[in-house]
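Novice: protein-v9.txt is reproduced below (compact mmCIF, C-alpha atoms).
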```txt
# COMPACT_ATOMS: atom_id res chain seq x y z
CA MET A 1 -20.51 -4.91 20.87
CA SER A 2 -18.55 -2.84 23.37
CA ALA A 3 -21.56 -0.51 23.67
CA VAL A 4 -23.77 -3.54 24.32
CA PHE A 5 -21.38 -4.76 27.01
CA ALA A 6 -21.30 -1.33 28.63
CA GLU A 7 -25.09 -1.26 28.74
CA CYS A 8 -25.91 -4.84 29.64
CA LEU A 9 -22.82 -6.22 31.37
CA PRO A 10 -21.00 -3.19 32.75
CA GLN A 11 -18.74 -5.35 34.94
CA ALA A 12 -17.69 -7.65 32.11
CA ARG A 13 -14.02 -7.90 31.23
CA PHE A 14 -13.66 -8.23 27.49
CA ALA A 15 -11.30 -7.76 24.57
CA VAL A 16 -11.99 -7.53 20.83
CA LEU A 17 -10.14 -10.00 18.61
CA SER A 18 -9.86 -9.01 14.93
CA GLY A 19 -7.59 -9.12 11.90
CA PRO A 20 -7.02 -10.90 8.57
CA SER A 21 -7.94 -14.43 9.59
CA PHE A 22 -9.90 -16.74 7.32
CA ALA A 23 -10.93 -19.54 9.71
CA LEU A 24 -10.00 -22.28 7.25
CA GLU A 25 -6.44 -20.99 7.00
CA VAL A 26 -6.18 -20.69 10.78
CA CYS A 27 -7.13 -24.39 10.97
CA GLN A 28 -4.51 -25.19 8.32
CA GLY A 29 -1.86 -23.54 10.47
CA GLN A 30 -1.15 -20.66 8.09
CA PRO A 31 0.69 -17.87 9.92
CA THR A 32 -2.03 -15.47 11.04
CA LEU A 33 -1.66 -12.10 12.76
CA VAL A 34 -4.51 -10.47 14.66
CA VAL A 35 -5.01 -7.87 17.37
CA ALA A 36 -6.76 -8.08 20.76
CA ALA A 37 -8.07 -4.66 21.72
CA ALA A 38 -9.23 -3.61 25.16
CA THR A 39 -9.49 -0.33 27.01
CA ASN A 40 -7.81 -2.03 29.96
CA GLU A 41 -4.39 -3.36 28.99
CA ALA A 42 -4.65 -6.30 31.38
CA ASN A 43 -7.71 -7.55 29.52
CA ALA A 44 -5.93 -7.30 26.18
CA ARG A 45 -2.99 -9.24 27.61
CA ASP A 46 -5.26 -11.92 29.03
CA ALA A 47 -6.94 -12.38 25.64
CA GLN A 48 -3.50 -12.58 24.07
CA GLN A 49 -2.47 -15.30 26.53
CA ILE A 50 -5.62 -17.31 25.91
CA PHE A 51 -5.55 -17.26 22.10
CA ALA A 52 -1.94 -16.93 21.01
CA THR A 53 -0.03 -19.82 19.44
CA PRO A 54 3.19 -19.71 17.41
CA ARG A 55 1.08 -19.62 14.23
CA PHE A 56 -1.78 -17.47 15.51
CA ARG A 57 -0.14 -14.34 16.78
CA VAL A 58 -2.14 -11.92 18.86
CA TYR A 59 -0.95 -8.35 19.41
CA THR A 60 -2.43 -6.16 22.09
CA HIS A 61 -4.16 -2.98 21.00
CA ASP A 62 -5.97 -0.20 22.83
CA ASP A 63 -8.44 1.14 20.26
CA VAL A 64 -11.58 -0.91 20.90
CA VAL A 65 -13.90 1.31 18.87
CA GLY A 66 -11.57 1.45 15.89
CA VAL A 67 -11.01 -2.31 15.81
CA GLU A 68 -14.74 -3.00 16.14
CA LEU A 69 -15.69 -0.55 13.39
CA ALA A 70 -13.03 -1.82 11.01
CA GLY A 71 -13.99 -5.44 11.60
CA ALA A 72 -17.67 -4.78 10.97
CA LEU A 73 -17.57 -2.28 8.11
CA LYS A 74 -14.90 -4.02 6.04
CA ASN A 75 -17.59 -6.61 5.29
CA VAL A 76 -19.69 -3.97 3.53
CA ILE A 77 -16.74 -2.88 1.38
CA ALA A 78 -16.12 -6.55 0.58
CA ILE A 79 -19.69 -6.81 -0.74
CA ALA A 80 -19.00 -3.79 -2.95
CA ALA A 81 -15.79 -5.42 -4.20
CA GLY A 82 -17.74 -8.60 -4.93
CA ILE A 83 -20.32 -6.61 -6.89
CA SER A 84 -17.49 -5.08 -8.92
CA ASP A 85 -16.01 -8.53 -9.59
CA GLY A 86 -19.40 -10.04 -10.36
CA LEU A 87 -20.06 -7.35 -12.94
CA GLY A 88 -16.81 -8.29 -14.67
CA MET A 89 -15.05 -5.09 -13.75
CA GLY A 90 -11.28 -5.33 -13.48
CA HIS A 91 -8.63 -5.03 -10.80
CA ASN A 92 -8.15 -1.29 -11.46
CA PRO A 93 -11.66 -0.22 -10.39
CA ARG A 94 -11.71 -2.75 -7.54
CA ALA A 95 -8.48 -1.36 -6.11
CA ALA A 96 -9.90 2.16 -6.27
CA LEU A 97 -13.08 1.00 -4.57
CA ILE A 98 -11.24 -0.74 -1.72
CA THR A 99 -9.03 2.30 -1.19
CA ARG A 100 -11.98 4.67 -1.05
CA GLY A 101 -13.81 2.19 1.16
CA LEU A 102 -11.10 2.27 3.80
CA ALA A 103 -11.16 6.07 3.64
CA GLU A 104 -14.89 5.96 4.41
CA ILE A 105 -14.39 3.66 7.38
CA THR A 106 -11.58 5.86 8.66
CA ARG A 107 -13.73 9.00 8.40
CA LEU A 108 -16.47 7.37 10.43
CA GLY A 109 -13.95 6.07 12.93
CA LEU A 110 -12.53 9.56 13.47
CA ALA A 111 -16.02 10.87 14.13
CA LEU A 112 -16.56 8.14 16.72
CA GLY A 113 -13.28 8.70 18.55
CA ALA A 114 -11.17 5.93 17.03
CA ASN A 115 -7.46 6.30 16.29
CA PRO A 116 -7.00 6.76 12.51
CA LEU A 117 -3.83 4.64 12.56
CA THR A 118 -5.91 1.62 13.58
CA PHE A 119 -7.36 1.58 10.07
CA ALA A 120 -3.90 1.36 8.53
CA GLY A 121 -3.13 -1.75 10.58
CA LEU A 122 -4.04 -5.43 10.65
CA ALA A 123 -7.62 -4.91 11.83
CA GLY A 124 -8.21 -2.23 9.19
CA MET A 125 -6.36 -2.43 5.91
CA GLY A 126 -5.17 -5.99 6.58
CA ASP A 127 -8.60 -7.46 7.14
CA LEU A 128 -10.13 -5.38 4.35
CA ILE A 129 -7.62 -6.66 1.77
CA LEU A 130 -8.30 -10.22 2.87
CA THR A 131 -12.06 -9.92 2.83
CA ALA A 132 -12.38 -7.88 -0.35
CA THR A 133 -10.05 -9.97 -2.51
CA GLY A 134 -10.04 -13.49 -1.06
CA ASP A 135 -12.10 -16.30 -2.51
CA LEU A 136 -12.96 -17.53 0.97
CA SER A 137 -14.82 -14.34 1.82
CA ARG A 138 -18.54 -14.86 2.40
CA ASN A 139 -19.30 -11.17 2.01
CA ARG A 140 -17.45 -10.85 -1.27
CA ALA A 141 -19.31 -13.96 -2.49
CA LEU A 142 -22.64 -12.31 -1.67
CA GLY A 143 -21.63 -9.29 -3.76
CA VAL A 144 -20.70 -11.51 -6.70
CA ALA A 145 -24.06 -13.32 -6.51
CA VAL A 146 -26.02 -10.07 -6.32
CA ALA A 147 -24.11 -8.67 -9.30
CA GLN A 148 -25.09 -11.79 -11.22
CA GLY A 149 -28.77 -11.20 -10.57
CA GLN A 150 -29.64 -12.85 -7.28
CA THR A 151 -31.51 -10.95 -4.62
CA LEU A 152 -30.30 -10.91 -1.03
CA GLU A 153 -33.34 -13.00 -0.09
CA GLN A 154 -32.58 -15.65 -2.71
CA TYR A 155 -28.95 -15.78 -1.65
CA ARG A 156 -29.85 -16.23 1.98
CA THR A 157 -32.16 -19.16 1.31
CA THR A 158 -29.45 -21.06 -0.58
CA HIS A 159 -26.48 -20.33 1.69
CA ARG A 160 -26.11 -21.37 5.31
CA THR A 161 -23.12 -19.12 5.95
CA VAL A 162 -23.66 -15.65 7.29
CA ALA A 163 -22.72 -12.66 5.13
CA GLU A 164 -23.01 -10.23 8.00
CA GLY A 165 -22.06 -7.22 5.88
CA ALA A 166 -25.58 -7.04 4.47
CA ASN A 167 -27.16 -5.90 7.70
CA THR A 168 -24.03 -3.95 8.57
CA SER A 169 -24.55 -1.76 5.51
CA LEU A 170 -27.75 -0.47 7.12
CA ALA A 171 -26.17 -0.07 10.55
CA GLY A 172 -23.20 1.71 9.01
CA ALA A 173 -25.40 4.07 7.00
CA ALA A 174 -27.36 4.87 10.17
CA LEU A 175 -24.14 5.65 12.05
CA GLY A 176 -23.06 7.88 9.16
CA ALA A 177 -26.34 9.79 9.28
CA LYS A 178 -26.07 10.19 13.04
CA THR A 179 -22.51 11.52 12.84
CA GLN A 180 -23.00 13.42 9.56
CA VAL A 181 -20.21 11.50 7.84
CA GLU A 182 -20.65 10.72 4.14
CA LEU A 183 -20.34 7.00 3.43
CA PRO A 184 -21.17 6.69 -0.28
CA ILE A 185 -19.98 3.13 -0.82
CA ILE A 186 -21.62 1.74 2.31
CA GLU A 187 -24.87 3.54 1.50
CA LYS A 188 -24.85 2.29 -2.08
CA VAL A 189 -24.40 -1.32 -0.95
CA GLY A 190 -27.45 -0.90 1.26
CA GLU A 191 -29.49 0.47 -1.65
CA VAL A 192 -28.53 -2.46 -3.87
CA LEU A 193 -29.23 -5.10 -1.22
CA PHE A 194 -32.37 -3.71 0.38
CA ASP A 195 -33.92 -1.12 -1.97
CA GLY A 196 -33.83 -3.06 -5.21
CA LYS A 197 -31.32 -0.83 -6.94
CA PRO A 198 -29.72 -2.77 -9.81
CA ALA A 199 -26.09 -3.64 -9.00
CA ARG A 200 -24.74 -2.17 -12.24
CA GLN A 201 -26.59 1.08 -11.73
CA GLY A 202 -25.28 1.34 -8.17
CA MET A 203 -21.70 0.77 -9.28
CA THR A 204 -22.01 3.24 -12.15
CA GLU A 205 -23.34 5.90 -9.80
CA LEU A 206 -20.47 5.30 -7.40
CA MET A 207 -17.82 5.46 -10.09
CA ALA A 208 -19.34 8.56 -11.64
CA ARG A 209 -20.13 10.60 -8.61
CA GLU A 210 -18.57 9.48 -5.40
CA LEU A 211 -15.07 8.45 -6.33
CA LYS A 212 -14.58 11.99 -7.44
CA SER A 213 -11.45 13.16 -5.72
CA GLU A 214 -8.31 11.96 -4.06
CA GLN A 215 -9.22 13.48 -0.75
CA TRP A 216 -9.00 12.04 2.69
CA ARG A 217 -12.30 13.58 3.79
CA MET B 218 12.82 10.81 -10.83
CA SER B 219 11.97 14.27 -9.47
CA ALA B 220 15.48 14.44 -7.98
CA VAL B 221 16.92 13.56 -11.40
CA PHE B 222 14.83 16.29 -13.03
CA ALA B 223 15.96 18.82 -10.44
CA GLU B 224 19.58 17.95 -11.10
CA CYS B 225 19.59 17.49 -14.87
CA LEU B 226 16.62 19.48 -16.16
CA PRO B 227 15.95 22.12 -13.52
CA GLN B 228 13.65 24.08 -15.84
CA ALA B 229 11.51 21.05 -16.78
CA ARG B 230 7.82 21.16 -16.03
CA PHE B 231 6.70 17.73 -14.96
CA ALA B 232 4.05 15.80 -13.08
CA VAL B 233 4.07 12.27 -11.70
CA LEU B 234 1.26 9.97 -12.84
CA SER B 235 0.57 6.97 -10.60
CA GLY B 236 -2.19 4.77 -9.23
CA PRO B 237 -3.79 1.32 -9.58
CA SER B 238 -3.65 0.96 -13.36
CA PHE B 239 -2.81 -2.33 -15.04
CA ALA B 240 -2.12 -1.22 -18.63
CA LEU B 241 -4.18 -4.06 -20.12
CA GLU B 242 -7.26 -2.97 -18.18
CA VAL B 243 -6.74 0.65 -19.18
CA CYS B 244 -6.75 -0.53 -22.82
CA GLN B 245 -9.93 -2.50 -22.15
CA GLY B 246 -11.62 0.64 -20.90
CA GLN B 247 -11.99 -0.50 -17.30
CA PRO B 248 -12.66 2.49 -15.04
CA THR B 249 -9.25 3.52 -13.72
CA LEU B 250 -8.41 6.20 -11.16
CA VAL B 251 -4.93 7.69 -10.85
CA VAL B 252 -3.28 10.81 -9.51
CA ALA B 253 -1.05 13.39 -11.20
CA ALA B 254 1.27 14.96 -8.64
CA ALA B 255 3.29 18.12 -9.10
CA THR B 256 4.73 20.73 -6.78
CA ASN B 257 3.25 23.38 -9.06
CA GLU B 258 -0.51 22.99 -9.30
CA ALA B 259 -0.60 24.23 -12.90
CA ASN B 260 1.63 21.37 -13.96
CA ALA B 261 -0.61 18.83 -12.24
CA ARG B 262 -3.64 20.34 -13.99
CA ASP B 263 -1.92 20.24 -17.35
CA ALA B 264 -1.08 16.56 -16.90
CA GLN B 265 -4.68 15.96 -15.90
CA GLN B 266 -5.92 17.67 -19.05
CA ILE B 267 -3.57 15.68 -21.27
CA PHE B 268 -4.33 12.22 -19.89
CA ALA B 269 -7.86 12.25 -18.54
CA THR B 270 -10.72 10.47 -20.28
CA PRO B 271 -14.11 9.47 -18.87
CA ARG B 272 -12.70 6.03 -18.08
CA PHE B 273 -9.19 7.10 -17.08
CA ARG B 274 -9.68 9.61 -14.35
CA VAL B 275 -6.79 11.74 -13.22
CA TYR B 276 -6.88 13.61 -9.92
CA THR B 277 -4.40 16.34 -9.11
CA HIS B 278 -2.13 15.83 -6.14
CA ASP B 279 0.65 17.87 -4.54
CA ASP B 280 2.86 15.25 -2.88
CA VAL B 281 5.42 14.39 -5.56
CA VAL B 282 7.83 12.59 -3.24
CA GLY B 283 5.09 10.50 -1.64
CA VAL B 284 3.57 9.46 -4.96
CA GLU B 285 6.97 8.58 -6.40
CA LEU B 286 8.01 6.54 -3.37
CA ALA B 287 4.72 4.68 -3.21
CA GLY B 288 4.80 3.90 -6.92
CA ALA B 289 8.33 2.55 -6.78
CA LEU B 290 8.36 0.69 -3.47
CA LYS B 291 5.00 -1.03 -3.85
CA ASN B 292 6.74 -3.21 -6.46
CA VAL B 293 9.07 -4.58 -3.80
CA ILE B 294 6.19 -5.46 -1.51
CA ALA B 295 4.49 -7.13 -4.49
CA ILE B 296 7.55 -9.35 -4.93
CA ALA B 297 7.28 -10.29 -1.25
CA ALA B 298 3.58 -11.09 -1.72
CA GLY B 299 4.48 -13.20 -4.76
CA ILE B 300 7.07 -15.09 -2.71
CA SER B 301 4.41 -15.76 -0.07
CA ASP B 302 1.99 -17.01 -2.73
CA GLY B 303 4.67 -19.05 -4.49
CA LEU B 304 5.53 -20.79 -1.23
CA GLY B 305 1.90 -21.82 -0.87
CA MET B 306 1.20 -19.55 2.06
CA GLY B 307 -2.37 -18.40 2.44
CA HIS B 308 -4.31 -15.17 2.29
CA ASN B 309 -3.91 -14.55 6.03
CA PRO B 310 -0.11 -14.16 5.99
CA ARG B 311 -0.21 -12.30 2.67
CA ALA B 312 -2.64 -9.73 4.03
CA ALA B 313 -0.40 -9.21 7.06
CA LEU B 314 2.63 -8.81 4.80
CA ILE B 315 0.95 -6.24 2.56
CA THR B 316 -0.25 -4.27 5.58
CA ARG B 317 3.19 -4.21 7.16
CA GLY B 318 4.69 -3.38 3.76
CA LEU B 319 2.62 -0.22 3.43
CA ALA B 320 3.63 0.73 6.97
CA GLU B 321 7.28 0.44 5.91
CA ILE B 322 6.76 2.60 2.84
CA THR B 323 4.91 5.17 4.94
CA ARG B 324 7.71 5.31 7.52
CA LEU B 325 10.28 5.96 4.81
CA GLY B 326 8.00 8.55 3.19
CA LEU B 327 7.65 10.42 6.48
CA ALA B 328 11.45 10.52 6.82
CA LEU B 329 11.72 11.97 3.30
CA GLY B 330 9.08 14.66 3.77
CA ALA B 331 6.09 12.98 2.15
CA ASN B 332 2.54 13.39 3.43
CA PRO B 333 1.53 10.17 5.25
CA LEU B 334 -2.01 10.41 3.88
CA THR B 335 -0.63 9.92 0.36
CA PHE B 336 0.08 6.30 1.29
CA ALA B 337 -3.55 5.72 2.27
CA GLY B 338 -4.71 6.89 -1.16
CA LEU B 339 -4.80 5.62 -4.74
CA ALA B 340 -1.05 5.94 -5.33
CA GLY B 341 -0.29 4.15 -2.06
CA MET B 342 -2.70 1.55 -0.76
CA GLY B 343 -4.63 1.43 -4.05
CA ASP B 344 -1.65 0.61 -6.23
CA LEU B 345 -0.19 -1.74 -3.62
CA ILE B 346 -3.37 -3.83 -3.43
CA LEU B 347 -3.46 -4.07 -7.21
CA THR B 348 0.18 -4.99 -7.61
CA ALA B 349 0.43 -7.38 -4.69
CA THR B 350 -2.72 -9.39 -5.42
CA GLY B 351 -3.38 -9.10 -9.15
CA ASP B 352 -2.43 -11.81 -11.61
CA LEU B 353 -1.30 -9.20 -14.12
CA SER B 354 1.46 -7.95 -11.83
CA ARG B 355 4.96 -8.55 -13.21
CA ASN B 356 6.57 -8.01 -9.83
CA ARG B 357 4.29 -10.44 -8.05
CA ALA B 358 5.02 -12.98 -10.82
CA LEU B 359 8.75 -12.60 -10.20
CA GLY B 360 8.19 -13.34 -6.52
CA VAL B 361 6.20 -16.48 -7.36
CA ALA B 362 8.94 -17.71 -9.70
CA VAL B 363 11.68 -17.09 -7.15
CA ALA B 364 9.69 -18.92 -4.48
CA GLN B 365 9.44 -21.87 -6.85
CA GLY B 366 13.20 -22.05 -7.21
CA GLN B 367 14.20 -19.73 -10.05
CA THR B 368 16.98 -17.23 -9.57
CA LEU B 369 16.51 -13.59 -10.56
CA GLU B 370 19.01 -14.13 -13.38
CA GLN B 371 17.12 -17.13 -14.76
CA TYR B 372 13.82 -15.26 -14.58
CA ARG B 373 15.23 -12.27 -16.42
CA THR B 374 16.54 -14.37 -19.31
CA THR B 375 13.13 -15.96 -19.90
CA HIS B 376 10.92 -12.88 -19.46
CA ARG B 377 10.97 -9.79 -21.61
CA THR B 378 8.83 -7.73 -19.22
CA VAL B 379 10.50 -5.63 -16.58
CA ALA B 380 9.98 -6.47 -12.91
CA GLU B 381 11.44 -3.20 -11.72
CA GLY B 382 10.90 -4.00 -8.05
CA ALA B 383 14.03 -6.17 -8.03
CA ASN B 384 16.44 -3.27 -8.41
CA THR B 385 14.14 -1.07 -6.35
CA SER B 386 14.63 -3.38 -3.36
CA LEU B 387 18.30 -2.35 -3.32
CA ALA B 388 17.55 1.34 -3.86
CA GLY B 389 14.90 1.23 -1.14
CA ALA B 390 17.23 -0.50 1.32
CA ALA B 391 19.88 2.14 0.58
CA LEU B 392 17.38 4.94 1.25
CA GLY B 393 16.39 3.22 4.49
CA ALA B 394 20.02 3.02 5.61
CA LYS B 395 20.56 6.67 4.71
CA THR B 396 17.50 7.83 6.65
CA GLN B 397 17.86 5.25 9.46
CA VAL B 398 14.41 3.84 8.81
CA GLU B 399 13.93 0.10 9.29
CA LEU B 400 12.53 -1.59 6.19
CA PRO B 401 12.58 -5.29 7.05
CA ILE B 402 10.42 -6.55 4.18
CA ILE B 403 12.19 -4.51 1.51
CA GLU B 404 15.59 -5.56 2.84
CA LYS B 405 14.57 -9.21 2.95
CA VAL B 406 13.42 -9.13 -0.68
CA GLY B 407 16.84 -7.78 -1.63
CA GLU B 408 18.58 -10.58 0.26
CA VAL B 409 16.49 -13.24 -1.47
CA LEU B 410 16.96 -11.76 -4.95
CA PHE B 411 20.59 -10.70 -4.81
CA ASP B 412 22.31 -12.48 -1.90
CA GLY B 413 21.13 -16.02 -2.53
CA LYS B 414 18.99 -16.28 0.59
CA PRO B 415 16.43 -19.09 0.10
CA ALA B 416 12.93 -17.65 -0.29
CA ARG B 417 11.43 -19.83 2.42
CA GLN B 418 14.12 -18.88 4.88
CA GLY B 419 13.61 -15.20 4.12
CA MET B 420 9.87 -15.45 4.65
CA THR B 421 10.27 -17.45 7.86
CA GLU B 422 12.67 -14.85 9.24
CA LEU B 423 10.22 -12.06 8.38
CA MET B 424 7.26 -13.80 9.96
CA ALA B 425 9.21 -14.73 13.07
CA ARG B 426 11.08 -11.56 13.74
CA GLU B 427 9.91 -8.53 11.89
CA LEU B 428 6.14 -8.77 11.93
CA LYS B 429 6.39 -8.62 15.66
CA SER B 430 4.05 -5.87 16.72
CA GLU B 431 1.08 -3.88 15.62
CA GLN B 432 2.94 -0.62 15.70
CA TRP B 433 3.03 2.18 13.22
CA ARG B 434 6.78 2.67 13.64
```
Step by step, read the file and then write its structure as structure tokens.
Specialist:
Amino acid sequence: MSAVFAECLPQARFAVLSGPSFALEVCQGQPTLVVAAATNEANARDAQQIFATPRFRVYTHDDVVGVELAGALKNVIAIAAGISDGLGMGHNPRAALITRGLAEITRLGLALGANPLTFAGLAGMGDLILTATGDLSRNRALGVAVAQGQTLEQYRTTHRTVAEGANTSLAGAALGAKTQVELPIIEKVGEVLFDGKPARQGMTELMARELKSEQWR
Amino acid sequence: MSAVFAECLPQARFAVLSGPSFALEVCQGQPTLVVAAATNEANARDAQQIFATPRFRVYTHDDVVGVELAGALKNVIAIAAGISDGLGMGHNPRAALITRGLAEITRLGLALGANPLTFAGLAGMGDLILTATGDLSRNRALGVAVAQGQTLEQYRTTHRTVAEGANTSLAGAALGAKTQVELPIIEKVGEVLFDGKPARQGMTELMARELKSEQWR
């Protein structure tokens, strides 16, 4: 979105609000911590002033690209986690998948100039944990449904909510190709959702080939 | 444990095995990924050879201190997550707590010579996600029970399993004092378990005071 602003509304003042924040829980008044990122600190502070309440705490942040990437791509990893859950796989493989997923996002972020520490914070790891393990996650729910045999098309006709990670898997894979960063989990989600690859086959390929080493890059 | 080996069995060859691995799921044959860390690569490879199966995959690692710290201290953060769950708090605050908890562990690891990337891997983030969100976690279960009014003593008399994070909260706080690293979540868990601080009060204090900024340190 920041690239769109730069192109279409170059004079716009904006900040990016992101973090582990299921909307329902925000409405319930559950303590929620998010970040507001802007390249100009005054804009981040203004966003903080506008949104912050005692139970919705907004911290200023300066890594717009990192926060945007984390917020978008965590949805794709959540679909992968949902596929794992929907196939009846356990917590052990899901935890490995989420961990490797954040490593993928971090690699891409580094290539695009983000600060790697952003991905260890609320907008990165925090939001990923929420989205990949929480029952309220629309993207995880899509993964579960696909693992149980639905196609993306079928799912979309029966659900009014938006599981934005589906399209993001394609956008993420394109960014990976452009920057020559390997994104095996994100690419595999795209293959399952759009190329008709069976969910179980996709997960087996990932577990066998891509989760091959405990390496940061 | 590596310090104990160095002191008591200086000639011992050992490696440290850790990662997201609920024992029940390992028995069920769920794909499980762990690391074997040793200062001497040959020892790590030997441990890998001994334990690895196609469904229990062992990756060699060289950061013994980081893997040990992550494996021990994640239990304390899991107790905190259990307290949050037991108090009826939602996924939003729990995700924030887990994120800040890993930041604490990473800070302490840095002070003790660990590699910060270890905490972003299977033995760090991976195991923490598993332990802090999974129903099979003994430490999380202790936190839930304490939040619902049990004392640590009562819990221990009615459960034969070991929630080792209780004692680790004291050991972790002592290490933090020794290295002058602030560990607010770990310290608060110790106060709730051993000093009679009500769970809700401890969590309120954490949310109000310690989760105050999106900062790495």
Novice: Mind checking which residues fall within 10 Å of Arg107 of chain A, counting only C-alpha atoms, ignoring those fewer than 2 positions away in the same chain, and posting them as a PDB file with C-alpha atoms, in the coordinates of the input?
Specialist:
```pdb
ATOM      1  CA  GLY A 101     -13.810   2.190   1.160  1.00  0.00           C
ATOM      2  CA  LEU A 102     -11.100   2.270   3.800  1.00  0.00           C
ATOM      3  CA  ALA A 103     -11.160   6.070   3.640  1.00  0.00           C
ATOM      4  CA  GLU A 104     -14.890   5.960   4.410  1.00  0.00           C
ATOM      5  CA  ILE A 105     -14.390   3.660   7.380  1.00  0.00           C
ATOM      6  CA  GLY A 109     -13.950   6.070  12.930  1.00  0.00           C
ATOM      7  CA  LEU A 110     -12.530   9.560  13.470  1.00  0.00           C
ATOM      8  CA  ALA A 111     -16.020  10.870  14.130  1.00  0.00           C
ATOM      9  CA  LEU A 112     -16.560   8.140  16.720  1.00  0.00           C
ATOM     10  CA  ALA A 114     -11.170   5.930  17.030  1.00  0.00           C
ATOM     11  CA  PRO A 116      -7.000   6.760  12.510  1.00  0.00           C
ATOM     12  CA  PHE A 119      -7.360   1.580  10.070  1.00  0.00           C
ATOM     13  CA  GLY A 176     -23.060   7.880   9.160  1.00  0.00           C
ATOM     14  CA  VAL A 181     -20.210  11.500   7.840  1.00  0.00           C
ATOM     15  CA  GLU A 182     -20.650  10.720   4.140  1.00  0.00           C
ATOM     16  CA  LEU A 183     -20.340   7.000   3.430  1.00  0.00           C
ATOM     17  CA  TRP A 216      -9.000  12.040   2.690  1.00  0.00           C
ATOM     18  CA  ARG A 217     -12.300  13.580   3.790  1.00  0.00           C
TER      19      ARG A 217
END
```
Novice: Find the residues of chain A in contact range of chain B, meaning any atom within 7 Å when counting all atoms listed in the file, and list them as a ChimeraX atom specification.
Specialist: /A:20-22,25,30-33,59,89-93,95-96,99,121-122,125-126,129-130,134,213-214
Novice: If we count only C-alpha atoms, what is near Ile300 of chain B at a cut-off of 8 Å, once residues fewer than 4 positions away on the same chain are taken out, given as a PyMOL selection string?
Specialist: chain B and resi 296+304+357+360-364+416+420
Novice: What does the distance from atom CA of Phe14 of chain A to atom CA of Ile186 of chain A come to in Å, to one decimal?
Specialist: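 Value for the atom CA of Phe14 of chain A-atom CA of Ile186 of chain A distance: 28.2 Å.
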Novice: With 4 Å of padding per side, what axis-aligned box (centre and edge lengths, Å, one decimal) covers all the listed atoms of segment 85-101 of chain A? Give it as lines of an AutoDock Vina configuration file.
Specialist:
```
center_x = -14.1
center_y = -2.7
center_z = -6.8
size_x = 19.9
size_y = 22.7
size_z = 23.8
```
Novice: Expressed in Å to a single decimal, how great is the separation between atom CA of Ser18 of chain A and atom CA of Ala37 of chain A?
Specialist: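 So the two atoms, atom CA of Ser18 of chain A and atom CA of Ala37 of chain A, lie 8.3 Å apart.
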Novice: For a quick check of your reading of the model, name the residues lying within 8 Å of the coordinate (-18.1, -10.9, 0.7), counting all atoms listed in the file, and write them as a PyMOL selection string.
Specialist: chain A and resi 75-76+78-79+81-82+131-132+137-144+163+165
Novice: Taking C-alpha atoms for each residue, export the selection above as a short mmCIF file (atom, residue, chain, number, x, y, z; two decimals), in the frame of the given file.
Specialist:
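Saved to result28.cif:
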```
data_model
loop_
_atom_site.label_atom_id
_atom_site.label_comp_id
_atom_site.auth_asym_id
_atom_site.auth_seq_id
_atom_site.Cartn_x
_atom_site.Cartn_y
_atom_site.Cartn_z
CA ASN A 75 -17.59 -6.61 5.29
CA VAL A 76 -19.69 -3.97 3.53
CA ALA A 78 -16.12 -6.55 0.58
CA ILE A 79 -19.69 -6.81 -0.74
CA ALA A 81 -15.79 -5.42 -4.20
CA GLY A 82 -17.74 -8.60 -4.93
CA THR A 131 -12.06 -9.92 2.83
CA ALA A 132 -12.38 -7.88 -0.35
CA SER A 137 -14.82 -14.34 1.82
CA ARG A 138 -18.54 -14.86 2.40
CA ASN A 139 -19.30 -11.17 2.01
CA ARG A 140 -17.45 -10.85 -1.27
CA ALA A 141 -19.31 -13.96 -2.49
CA LEU A 142 -22.64 -12.31 -1.67
CA GLY A 143 -21.63 -9.29 -3.76
CA VAL A 144 -20.70 -11.51 -6.70
CA ALA A 163 -22.72 -12.66 5.13
CA GLY A 165 -22.06 -7.22 5.88
#
```
Novice: Quick one, how far is atom CA of Arg13 of chain A from atom CA of Gln48 of chain A?
Specialist: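 Distance between the two atoms: 13.6 Å.
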